[in-house]
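The file upload_15.cif comes next; it holds mmCIF, C-alpha atoms.
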```cif
data_upload
loop_
_atom_site.group_PDB
_atom_site.id
_atom_site.type_symbol
_atom_site.label_atom_id
_atom_site.label_comp_id
_atom_site.auth_asym_id
_atom_site.auth_seq_id
_atom_site.Cartn_x
_atom_site.Cartn_y
_atom_site.Cartn_z
ATOM 1 C CA MET W 1 -7.586 -154.954 -117.586
ATOM 2 C CA LEU W 2 -6.128 -153.937 -114.238
ATOM 3 C CA PRO W 3 -3.943 -151.103 -115.561
ATOM 4 C CA ARG W 4 -7.015 -149.532 -117.136
ATOM 5 C CA PHE W 5 -8.671 -149.084 -113.713
ATOM 6 C CA THR W 6 -5.547 -148.052 -111.821
ATOM 7 C CA PRO W 7 -6.051 -144.279 -112.388
ATOM 8 C CA LEU W 8 -9.604 -144.560 -111.085
ATOM 9 C CA LEU W 9 -8.390 -146.258 -107.935
ATOM 10 C CA LEU W 10 -5.674 -143.661 -107.337
ATOM 11 C CA ALA W 11 -7.930 -140.650 -107.855
ATOM 12 C CA PRO W 12 -9.731 -140.936 -104.473
ATOM 13 C CA ALA W 13 -6.379 -141.296 -102.718
ATOM 14 C CA LEU W 14 -5.074 -138.130 -104.340
ATOM 15 C CA LEU W 15 -8.206 -136.235 -103.372
ATOM 16 C CA LEU W 16 -7.953 -137.385 -99.769
ATOM 17 C CA SER W 17 -4.304 -136.374 -99.566
ATOM 18 C CA ALA W 18 -5.230 -132.801 -100.474
ATOM 19 C CA CYS W 19 -7.892 -132.499 -97.750
ATOM 20 C CA GLY W 20 -7.287 -130.150 -94.862
ATOM 21 C CA THR W 21 -6.837 -126.438 -94.248
ATOM 22 C CA TYR W 22 -6.030 -124.662 -97.491
ATOM 23 C CA ASN W 23 -3.732 -121.634 -97.517
ATOM 24 C CA GLY W 24 -2.787 -120.291 -100.911
ATOM 25 C CA GLY W 25 -0.686 -117.402 -99.569
ATOM 26 C CA VAL W 26 2.312 -116.804 -97.346
ATOM 27 C CA GLU W 27 0.311 -115.410 -94.422
ATOM 28 C CA SER W 28 -0.916 -117.837 -91.810
ATOM 29 C CA VAL W 29 -4.651 -118.431 -91.694
ATOM 30 C CA TYR W 30 -4.328 -118.731 -87.906
ATOM 31 C CA GLN W 31 -3.839 -115.418 -86.132
ATOM 32 C CA PRO W 32 -3.834 -114.527 -82.416
ATOM 33 C CA VAL W 33 -7.318 -113.962 -81.023
ATOM 34 C CA VAL W 34 -7.717 -111.618 -78.052
ATOM 35 C CA GLU W 35 -10.565 -112.205 -75.612
ATOM 36 C CA ARG W 36 -11.692 -109.812 -72.881
ATOM 37 C CA ASN W 37 -13.361 -110.846 -69.645
ATOM 38 C CA ASP W 38 -14.792 -108.556 -66.970
ATOM 39 C CA TYR W 39 -14.899 -109.856 -63.390
ATOM 40 C CA VAL W 40 -17.063 -107.980 -60.898
ATOM 41 C CA PHE W 41 -17.170 -107.815 -57.119
ATOM 42 C CA ASP W 42 -19.738 -105.746 -55.221
ATOM 43 C CA VAL W 43 -18.799 -104.263 -51.856
ATOM 44 C CA ARG W 44 -21.010 -102.453 -49.370
ATOM 45 C CA THR W 45 -20.397 -98.873 -48.390
ATOM 46 C CA ALA W 46 -21.194 -97.013 -45.194
ATOM 47 C CA GLY W 47 -21.337 -93.404 -46.321
ATOM 48 C CA TYR W 48 -17.778 -92.519 -45.324
ATOM 49 C CA GLY W 49 -16.223 -95.431 -47.212
ATOM 50 C CA LEU W 50 -16.340 -99.196 -47.221
ATOM 51 C CA ALA W 51 -18.484 -100.899 -44.627
ATOM 52 C CA PRO W 52 -16.701 -102.781 -41.803
ATOM 53 C CA GLY W 53 -15.159 -106.004 -43.078
ATOM 54 C CA GLU W 54 -15.615 -105.119 -46.755
ATOM 55 C CA GLY W 55 -11.977 -104.110 -47.118
ATOM 56 C CA GLN W 56 -10.882 -107.611 -46.074
ATOM 57 C CA ARG W 57 -13.363 -109.197 -48.478
ATOM 58 C CA LEU W 58 -12.065 -107.048 -51.328
ATOM 59 C CA ALA W 59 -8.437 -107.843 -50.473
ATOM 60 C CA GLY W 60 -9.159 -111.578 -50.528
ATOM 61 C CA TRP W 61 -10.930 -111.333 -53.873
ATOM 62 C CA LEU W 62 -8.129 -109.343 -55.484
ATOM 63 C CA GLU W 63 -5.594 -111.869 -54.206
ATOM 64 C CA SER W 64 -7.606 -114.761 -55.638
ATOM 65 C CA MET W 65 -7.702 -113.002 -59.020
ATOM 66 C CA GLY W 66 -3.904 -113.220 -59.324
ATOM 67 C CA LEU W 67 -3.610 -109.722 -60.760
ATOM 68 C CA ARG W 68 -0.903 -109.324 -63.392
ATOM 69 C CA TYR W 69 0.415 -106.866 -65.924
ATOM 70 C CA GLY W 70 -2.244 -105.925 -68.438
ATOM 71 C CA ASP W 71 -5.169 -106.221 -66.000
ATOM 72 C CA ARG W 72 -7.232 -103.125 -65.309
ATOM 73 C CA ILE W 73 -9.259 -102.185 -62.234
ATOM 74 C CA ALA W 74 -12.180 -99.784 -62.314
ATOM 75 C CA ILE W 75 -15.012 -98.690 -60.013
ATOM 76 C CA ASP W 76 -18.653 -98.520 -61.045
ATOM 77 C CA ASP W 77 -20.733 -96.629 -58.487
ATOM 78 C CA GLY W 78 -23.830 -96.347 -60.647
ATOM 79 C CA GLY W 79 -23.182 -92.644 -61.178
ATOM 80 C CA ASN W 80 -23.884 -91.803 -57.531
ATOM 81 C CA GLY W 81 -20.295 -91.144 -56.557
ATOM 82 C CA THR W 82 -18.512 -92.826 -53.704
ATOM 83 C CA SER W 83 -16.045 -91.914 -50.988
ATOM 84 C CA ALA W 84 -14.668 -95.474 -50.974
ATOM 85 C CA ARG W 85 -12.499 -94.810 -54.022
ATOM 86 C CA ASP W 86 -9.418 -94.054 -51.936
ATOM 87 C CA GLU W 87 -9.727 -97.331 -50.019
ATOM 88 C CA ILE W 88 -10.156 -99.351 -53.197
ATOM 89 C CA ALA W 89 -7.282 -97.489 -54.848
ATOM 90 C CA ALA W 90 -5.067 -98.377 -51.881
ATOM 91 C CA GLN W 91 -5.871 -102.066 -52.424
ATOM 92 C CA ALA W 92 -4.987 -101.758 -56.115
ATOM 93 C CA ASN W 93 -1.715 -100.005 -55.280
ATOM 94 C CA LEU W 94 -0.570 -103.110 -53.424
ATOM 95 C CA TYR W 95 -0.334 -104.769 -56.847
ATOM 96 C CA GLY W 96 1.272 -101.758 -58.529
ATOM 97 C CA MET W 97 -1.941 -100.852 -60.329
ATOM 98 C CA MET W 98 -3.945 -97.655 -60.669
ATOM 99 C CA LEU W 99 -7.691 -97.342 -61.044
ATOM 100 C CA SER W 100 -8.972 -96.760 -64.567
ATOM 101 C CA ASP W 101 -10.977 -93.619 -65.221
ATOM 102 C CA GLN W 102 -13.829 -95.458 -66.941
ATOM 103 C CA ALA W 103 -15.525 -98.692 -65.944
ATOM 104 C CA PRO W 104 -16.800 -101.133 -68.585
ATOM 105 C CA VAL W 105 -20.486 -101.904 -68.854
ATOM 106 C CA THR W 106 -21.330 -105.026 -66.869
ATOM 107 C CA VAL W 107 -24.407 -107.207 -66.497
ATOM 108 C CA GLY W 108 -26.721 -106.617 -63.557
ATOM 109 C CA GLN W 109 -27.841 -103.537 -61.697
ATOM 110 C CA ILE W 110 -25.775 -102.152 -58.854
ATOM 111 C CA ALA W 111 -27.723 -102.330 -55.607
ATOM 112 C CA PRO W 112 -28.077 -99.156 -53.536
ATOM 113 C CA GLY W 113 -25.347 -98.765 -50.966
ATOM 114 C CA THR W 114 -22.863 -100.880 -52.906
ATOM 115 C CA VAL W 115 -19.950 -100.215 -55.239
ATOM 116 C CA ARG W 116 -18.886 -102.543 -58.030
ATOM 117 C CA VAL W 117 -15.183 -103.259 -58.517
ATOM 118 C CA VAL W 118 -14.431 -104.453 -62.047
ATOM 119 C CA VAL W 119 -11.261 -106.290 -63.084
ATOM 120 C CA THR W 120 -10.790 -106.434 -66.848
ATOM 121 C CA ARG W 121 -8.455 -109.107 -68.181
ATOM 122 C CA MET W 122 -7.442 -109.880 -71.753
ATOM 123 C CA THR W 123 -6.006 -113.160 -72.964
ATOM 124 C CA ALA W 124 -4.467 -114.061 -76.310
ATOM 125 C CA SER W 125 -4.452 -117.462 -77.984
ATOM 126 C CA VAL W 126 -4.428 -119.048 -81.442
ATOM 127 C CA PRO W 127 -7.432 -121.393 -81.759
ATOM 128 C CA ASN W 128 -7.156 -124.650 -83.717
ATOM 129 C CA CYS W 129 -3.355 -124.704 -83.537
ATOM 130 C CA PRO W 130 -1.499 -126.928 -84.164
ATOM 131 C CA ASP W 131 -3.216 -128.111 -87.327
ATOM 132 C CA TYR W 132 -1.820 -131.188 -89.086
ATOM 133 C CA SER W 133 -4.830 -131.787 -91.297
ATOM 134 C CA ARG W 134 -2.822 -131.083 -94.461
ATOM 135 C CA VAL W 135 0.306 -133.219 -94.608
ATOM 136 C CA TYR W 136 3.231 -131.756 -96.505
ATOM 137 C CA GLN W 137 3.733 -133.429 -99.854
ATOM 138 C CA PRO W 138 3.711 -132.398 -103.528
ATOM 139 C CA ASP W 139 0.633 -130.178 -103.720
ATOM 140 C CA TRP W 140 -0.422 -128.875 -107.115
ATOM 141 C CA SER W 141 -2.854 -126.417 -105.515
ATOM 142 C CA ALA W 142 0.089 -124.301 -104.274
ATOM 143 C CA SER W 143 -0.975 -124.441 -100.625
ATOM 144 C CA THR W 144 1.317 -124.093 -97.642
ATOM 145 C CA THR W 145 1.059 -126.643 -94.858
ATOM 146 C CA SER W 146 -1.979 -126.489 -92.604
ATOM 147 C CA ASN W 147 0.263 -125.790 -89.598
ATOM 148 C CA TYR W 148 2.041 -122.892 -91.310
ATOM 149 C CA GLY W 149 2.431 -119.957 -88.913
ATOM 150 C CA CYS W 150 1.020 -121.741 -85.862
ATOM 151 C CA ALA W 151 4.311 -121.835 -83.965
ATOM 152 C CA ILE W 152 5.302 -118.174 -84.314
ATOM 153 C CA ASN W 153 1.797 -116.843 -83.704
ATOM 154 C CA SER W 154 1.264 -119.100 -80.680
ATOM 155 C CA ASN W 155 4.577 -117.938 -79.214
ATOM 156 C CA LEU W 156 3.598 -114.314 -79.823
ATOM 157 C CA ALA W 157 0.268 -114.815 -78.059
ATOM 158 C CA ALA W 158 1.999 -116.512 -75.121
ATOM 159 C CA MET W 159 4.792 -113.955 -74.686
ATOM 160 C CA VAL W 160 3.000 -110.624 -75.180
ATOM 161 C CA ALA W 161 2.826 -108.862 -71.818
ATOM 162 C CA ASP W 162 -0.406 -106.994 -72.552
ATOM 163 C CA PRO W 163 -2.661 -108.862 -74.992
ATOM 164 C CA GLY W 164 -4.484 -105.606 -75.657
ATOM 165 C CA ASP W 165 -1.405 -104.387 -77.527
ATOM 166 C CA LEU W 166 -2.174 -106.950 -80.255
ATOM 167 C CA VAL W 167 -5.427 -105.077 -80.919
ATOM 168 C CA ARG W 168 -4.686 -101.393 -80.444
ATOM 169 C CA GLY W 169 -0.881 -101.326 -80.352
ATOM 170 C CA ALA W 170 1.190 -99.423 -77.818
ATOM 171 C CA SER W 171 2.374 -95.853 -78.139
ATOM 172 C CA GLY W 172 5.937 -95.002 -77.265
ATOM 173 C CA SER W 173 6.881 -92.976 -74.242
ATOM 174 C CA THR W 174 6.686 -89.207 -74.660
ATOM 175 C CA VAL W 175 9.740 -88.679 -72.450
ATOM 176 C CA THR W 176 13.287 -89.989 -72.667
ATOM 177 C CA ASP W 177 15.792 -90.480 -69.900
ATOM 178 C CA PRO W 178 19.047 -89.020 -71.252
ATOM 179 C CA ARG W 179 21.074 -91.209 -68.890
ATOM 180 C CA THR W 180 19.795 -94.346 -70.597
ATOM 181 C CA GLY W 181 18.837 -93.001 -74.020
ATOM 182 C CA GLY W 182 22.372 -91.852 -74.841
ATOM 183 C CA LYS W 183 24.246 -94.689 -73.159
ATOM 184 C CA ALA W 184 24.644 -96.809 -76.302
ATOM 185 C CA ILE W 185 25.819 -93.827 -78.366
ATOM 186 C CA ASN W 186 28.335 -92.764 -75.717
ATOM 187 C CA ALA W 187 29.645 -96.335 -75.490
ATOM 188 C CA LEU W 188 30.216 -96.431 -79.253
ATOM 189 C CA ARG W 189 31.938 -93.043 -79.286
ATOM 190 C CA GLY W 190 34.195 -94.016 -76.410
ATOM 191 C CA ALA W 191 35.152 -97.405 -77.854
ATOM 192 C CA ALA W 192 38.835 -97.971 -78.591
ATOM 193 C CA PRO W 193 39.963 -99.649 -81.862
ATOM 194 C CA THR W 194 41.372 -103.125 -81.370
ATOM 195 C CA GLY W 195 43.442 -103.200 -84.533
ATOM 196 C CA GLY W 196 41.583 -106.271 -85.779
ATOM 197 C CA GLY W 197 38.697 -104.487 -87.431
ATOM 198 C CA GLY W 198 36.649 -104.107 -84.236
ATOM 199 C CA THR W 199 36.426 -102.012 -81.113
ATOM 200 C CA THR W 200 36.674 -102.594 -77.409
ATOM 201 C CA VAL W 201 33.976 -101.011 -75.272
ATOM 202 C CA LYS W 202 34.910 -100.158 -71.694
ATOM 203 C CA SER W 203 32.210 -100.888 -69.145
ATOM 204 C CA ASP W 204 31.117 -98.084 -66.853
ATOM 205 C CA SER W 205 31.845 -98.400 -63.154
ATOM 206 C CA THR W 206 28.977 -97.829 -60.739
ATOM 207 C CA GLY W 207 31.072 -97.272 -57.659
ATOM 208 C CA GLY W 208 34.560 -96.582 -56.420
ATOM 209 C CA LYS W 209 37.280 -94.688 -58.185
ATOM 210 C CA GLN W 210 38.011 -95.091 -61.849
#
```

What would the structure in this file look like if it were written as C-alpha cells?
Amino acid sequence: MLPRFTPLLLAPALLLSACGTYNGGVESVYQPVVERNDYVFDVRTAGYGLAPGEGQRLAGWLESMGLRYGDRIAIDDGGNGTSARDEIAAQANLYGMMLSDQAPVTVGQIAPGTVRVVVTRMTASVPNCPDYSRVYQPDWSASTTSNYGCAINSNLAAMVADPGDLVRGASGSTVTDPRTGGKAINALRGAAPTGGGGTTVKSDSTGGKQ
C-alpha cells in the first residue's frame, strides 16, 4: 500500500522546490533602481549678498553633505532674484561644481530675505538582491535562478559615477583633443614588426632628447 501513496507524498515537496522568484527569460527581473533626493538649506541675505555668518554656515553644510561627482547644486530665490549667487557659486567651486540653471521644486515656502540652496543627489541600487528563493535544480518550468543577474546589475549600480546616466544616458563630447584622439592610431602606424606575427610599439618620451 505504501508505494501507492508515494507520489502523493512527493507532490508537495516538488511544489515547494519550485517556489520562489520566477524568471522565464534571459533578462534579469532585478534591474538597477535610481532614486533622487533633494536636500535644502536656507540662508539669509542682506541685500548685497549673504548676511554676516551665513557664508560659514553654508560652507559647513556643504562639507557635511560630502559632495561628490553626480551631485548638483542649484539656487531657489523664489523668483525674486538674488545678488548672493556669486558667493554661493564660489562655495560650490571649492568642490569643482557649477550651479545648475534650474532648481528643482521643493517642499515649503521660501521665507522673505532668504535663499534656498538645493543639493540634488541620485543613488542607484538593486532592491531584493541577492535572491536565493529559487534554488537551482531541474526545473521543468524553464526558469532561471532567482539570483540571476543580481551580481552584474548590483556591480553596475555600485560603479556608475553618475546614477542619472542609468536613466537618461550620457551624450558624448562634441569636441575632440587631437593630441589624445589620434594617439592610438599614431602608435599603431609607428609600430615596428617583430617578425613573430606581432608589432613592437615604442613609447613616447615626455622629456629630454629622443

Name the residues captured by the PyMOL selection byres ((chain W and resi 26) around 12) when it is applied to the shown file; answer as a list in words.
->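 Applying the expression gives Tyr22, Asn23, Gly24, Gly25, Glu27, Ser28, Val29, Tyr30, Ala142, Ser143, Thr144, Thr145, Ser146, Tyr148 and Gly149 of chain W.
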
Selection under test: the PyMOL selection byres ((chain W and resi 160) around 12); residues as a ChimeraX atom specification | /W:32,34,69-70,122-125,153-159,161-167,169-170

Non-local contacts of stretch 72-79 of chain W (12 Å; all atoms listed in the file; under 2 positions in same chain excluded) as an MDAnalysis selection string = chainID W and resid 36:45 62 65 67:70 81:93 95:122 162 164

Atom CA of W:Cys129 to atom CA of W:Ile152 measures 10.9 Å

Measure the distance from atom CA of W:Asn128 to atom CA of W:Glu35 in Å and round it to one decimal.
->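 We find that atom CA of W:Asn128 and atom CA of W:Glu35 lie 15.2 Å from each other.
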
Separation of atom CA of W:Ala46 from atom CA of W:Leu94 in Å =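 Distance between the two atoms: 23.0 Å.
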
Just add N, CA and C atoms to stretch 43-54 of chain W and send it as a compact mmCIF listing (two decimals), in the frame of the given file.
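Wrote rebuild-v6.txt, looks like this:
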```txt
# COMPACT_ATOMS: atom_id res chain seq x y z
N VAL W 43 -19.11 -104.48 -53.27
CA VAL W 43 -18.80 -104.26 -51.86
C VAL W 43 -19.76 -103.23 -51.30
N ARG W 44 -20.09 -103.38 -50.03
CA ARG W 44 -21.01 -102.45 -49.37
C ARG W 44 -20.27 -101.23 -48.85
N THR W 45 -20.95 -100.12 -48.89
CA THR W 45 -20.40 -98.87 -48.39
C THR W 45 -21.18 -98.42 -47.15
N ALA W 46 -20.55 -97.51 -46.42
CA ALA W 46 -21.19 -97.01 -45.19
C ALA W 46 -21.13 -95.49 -45.14
N GLY W 47 -21.31 -94.86 -46.27
CA GLY W 47 -21.34 -93.40 -46.32
C GLY W 47 -19.95 -92.79 -46.37
N TYR W 48 -19.12 -93.09 -45.40
CA TYR W 48 -17.78 -92.52 -45.32
C TYR W 48 -16.76 -93.36 -46.10
N GLY W 49 -17.15 -94.55 -46.51
CA GLY W 49 -16.22 -95.43 -47.21
C GLY W 49 -16.79 -96.84 -47.26
N LEU W 50 -15.89 -97.81 -47.23
CA LEU W 50 -16.34 -99.20 -47.22
C LEU W 50 -16.90 -99.56 -45.86
N ALA W 51 -17.90 -100.43 -45.87
CA ALA W 51 -18.48 -100.90 -44.63
C ALA W 51 -17.47 -101.78 -43.89
N PRO W 52 -17.63 -101.95 -42.57
CA PRO W 52 -16.70 -102.78 -41.80
C PRO W 52 -16.61 -104.19 -42.37
N GLY W 53 -15.39 -104.67 -42.56
CA GLY W 53 -15.16 -106.00 -43.08
C GLY W 53 -15.11 -106.09 -44.60
N GLU W 54 -15.60 -105.07 -45.29
CA GLU W 54 -15.62 -105.12 -46.76
C GLU W 54 -14.21 -104.97 -47.35
```
